[in-house]
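Quick notes on the structure that follows.
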Amino acid sequence: NDPAWDAVFGLAAKHEIPLLFHTAVGKVNIRAMRGPGGALFNYTRQMSDAIEATAALVGGGVLDRTGAKIMFLECGAGWLLSLGERMDETYEMHAPSIKPKLTRKPSDIVRAQVMCSFQNDPGFVYTLKAMPDRAFVYATDDPHAEGTFPYSRDIVDAFMASPDATDE
């Protein structure tokens, strides 16, 4: 959220190049918990990387100032709508403490400028009514353990069976 990086984000926006972030971006301790429950905890919290990076880039005004678009890979997508809603609530309820002031609600910035890949994440379908469909990109993540290959088609068909999903 340091304005010194605005030139990089602004250049990406000018050339319509989204900046991509992979899970474990930043100074994340990927083995935060050891022992019983460690693997489940550590792999599950990988979406937290994207949540924290989005909150910092929106809250710090970077996306608002520059117009840059960002995308997260291998972090799921079902969290995107709820993060925008939570940021709006925080922005309003703690307004005296919030700096910088943004030109739009945080959720509007999220809707316009944040994208996520999804793979085995049916929760993203429920966000389709409130998020633009261009906010999501399907990924198979082959050959990782959480990848969907060779069952990718079955998973897409299951997503499409949701009443909230459309061909568009």
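Letters A, B, ... go to the chains of the structure tokens in the order shown; residues in each chain start at 1; ligands are counted from 1 in the same order.
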
For A:Lys14, please output as a ChimeraX atom specification all residues within 10 Å (counting only C-alpha atoms; exclusion window: fewer than 3 positions along the same chain).
/A:8-11,17,66-68

Would you please give, as a PyMOL selection string, all residues of chain A that DSSP assigns to strand (DSSP E) based on the backbone?
chain A and resi 19-22+70-73+114-118+136-138

Go ahead and write the residues just picked, N, CA, C and O atoms, as a compact mmCIF listing (two decimals), in the first residue's frame.
# COMPACT_ATOMS: atom_id res chain seq x y z
N LEU A 19 -2.27 -7.61 -12.49
CA LEU A 19 -1.14 -8.11 -11.71
C LEU A 19 -1.58 -9.39 -11.01
O LEU A 19 -2.60 -9.40 -10.32
N LEU A 20 -0.83 -10.46 -11.22
CA LEU A 20 -1.22 -11.77 -10.69
C LEU A 20 -0.47 -12.09 -9.42
O LEU A 20 0.73 -11.87 -9.32
N PHE A 21 -1.20 -12.63 -8.45
CA PHE A 21 -0.63 -13.05 -7.19
C PHE A 21 -0.96 -14.51 -6.98
O PHE A 21 -2.12 -14.92 -7.10
N HIS A 22 0.03 -15.29 -6.65
CA HIS A 22 -0.16 -16.71 -6.36
C HIS A 22 -0.31 -16.87 -4.85
O HIS A 22 0.14 -16.03 -4.08
N ILE A 70 -6.16 -6.72 -10.22
CA ILE A 70 -5.34 -7.78 -9.65
C ILE A 70 -6.08 -9.10 -9.74
O ILE A 70 -7.32 -9.13 -9.81
N MET A 71 -5.33 -10.19 -9.78
CA MET A 71 -5.92 -11.52 -9.83
C MET A 71 -5.16 -12.44 -8.88
O MET A 71 -3.93 -12.37 -8.81
N PHE A 72 -5.90 -13.30 -8.19
CA PHE A 72 -5.31 -14.27 -7.29
C PHE A 72 -5.49 -15.67 -7.83
O PHE A 72 -6.57 -16.04 -8.29
N LEU A 73 -4.42 -16.45 -7.77
CA LEU A 73 -4.42 -17.82 -8.26
C LEU A 73 -4.27 -18.79 -7.09
O LEU A 73 -3.48 -18.54 -6.18
N VAL A 114 -10.81 -6.74 -8.86
CA VAL A 114 -10.23 -7.95 -8.28
C VAL A 114 -10.83 -9.18 -8.95
O VAL A 114 -12.04 -9.28 -9.11
N MET A 115 -9.96 -10.10 -9.34
CA MET A 115 -10.37 -11.35 -9.99
C MET A 115 -9.74 -12.52 -9.25
O MET A 115 -8.70 -12.37 -8.62
N CYS A 116 -10.37 -13.68 -9.36
CA CYS A 116 -9.86 -14.90 -8.71
C CYS A 116 -10.01 -16.09 -9.64
O CYS A 116 -10.97 -16.16 -10.40
N SER A 117 -9.07 -17.01 -9.53
CA SER A 117 -9.28 -18.29 -10.19
C SER A 117 -10.02 -19.19 -9.21
O SER A 117 -9.91 -19.04 -8.01
N PHE A 118 -10.79 -20.10 -9.75
CA PHE A 118 -11.47 -21.09 -8.92
C PHE A 118 -11.22 -22.44 -9.56
O PHE A 118 -10.92 -22.55 -10.75
N PHE A 136 -14.03 -14.05 -12.36
CA PHE A 136 -13.66 -15.44 -12.10
C PHE A 136 -13.06 -16.12 -13.33
O PHE A 136 -13.53 -15.91 -14.45
N VAL A 137 -12.05 -16.92 -13.10
CA VAL A 137 -11.40 -17.70 -14.16
C VAL A 137 -11.25 -19.12 -13.64
O VAL A 137 -10.78 -19.32 -12.51
N TYR A 138 -11.64 -20.09 -14.44
CA TYR A 138 -11.51 -21.49 -14.03
C TYR A 138 -10.08 -21.97 -14.23
O TYR A 138 -9.44 -21.67 -15.23

Determine which residues of stretch 14-151 of chain A DSSP labels as helix (DSSP H, G or I) from the backbone of this structure, then write them out as a PyMOL selection string.
chain A and resi 14+38-44+46-59+62-66+80-93+95-97+106-113+122-127+133-135

Any chance you could tabulate, as CSV, the residues of stretch 24-69 of chain A at most 7 Å from stretch 89-107 of chain A with each one's nearest atom pair and distance in Å to one decimal, using only C-alpha atoms, in chain and rising number order?
residue,atom,partner,partner_atom,distance
A:Val58,CA,A:Pro106,CA,6.5
A:Gly60,CA,A:Pro100,CA,6.5
A:Gly61,CA,A:Pro100,CA,6.3
A:Asp64,CA,A:Leu102,CA,6.6

What is the atom CA of A:Asp49-atom CA of A:Glu16 distance in Å, reported with one decimal?
23.6 Å

I want to know what sits within 9 Å of A:Pro132, based on only C-alpha atoms, with residues of the same chain fewer than 5 positions away left out; could you give that as a ChimeraX atom specification?
/A:111-112,127
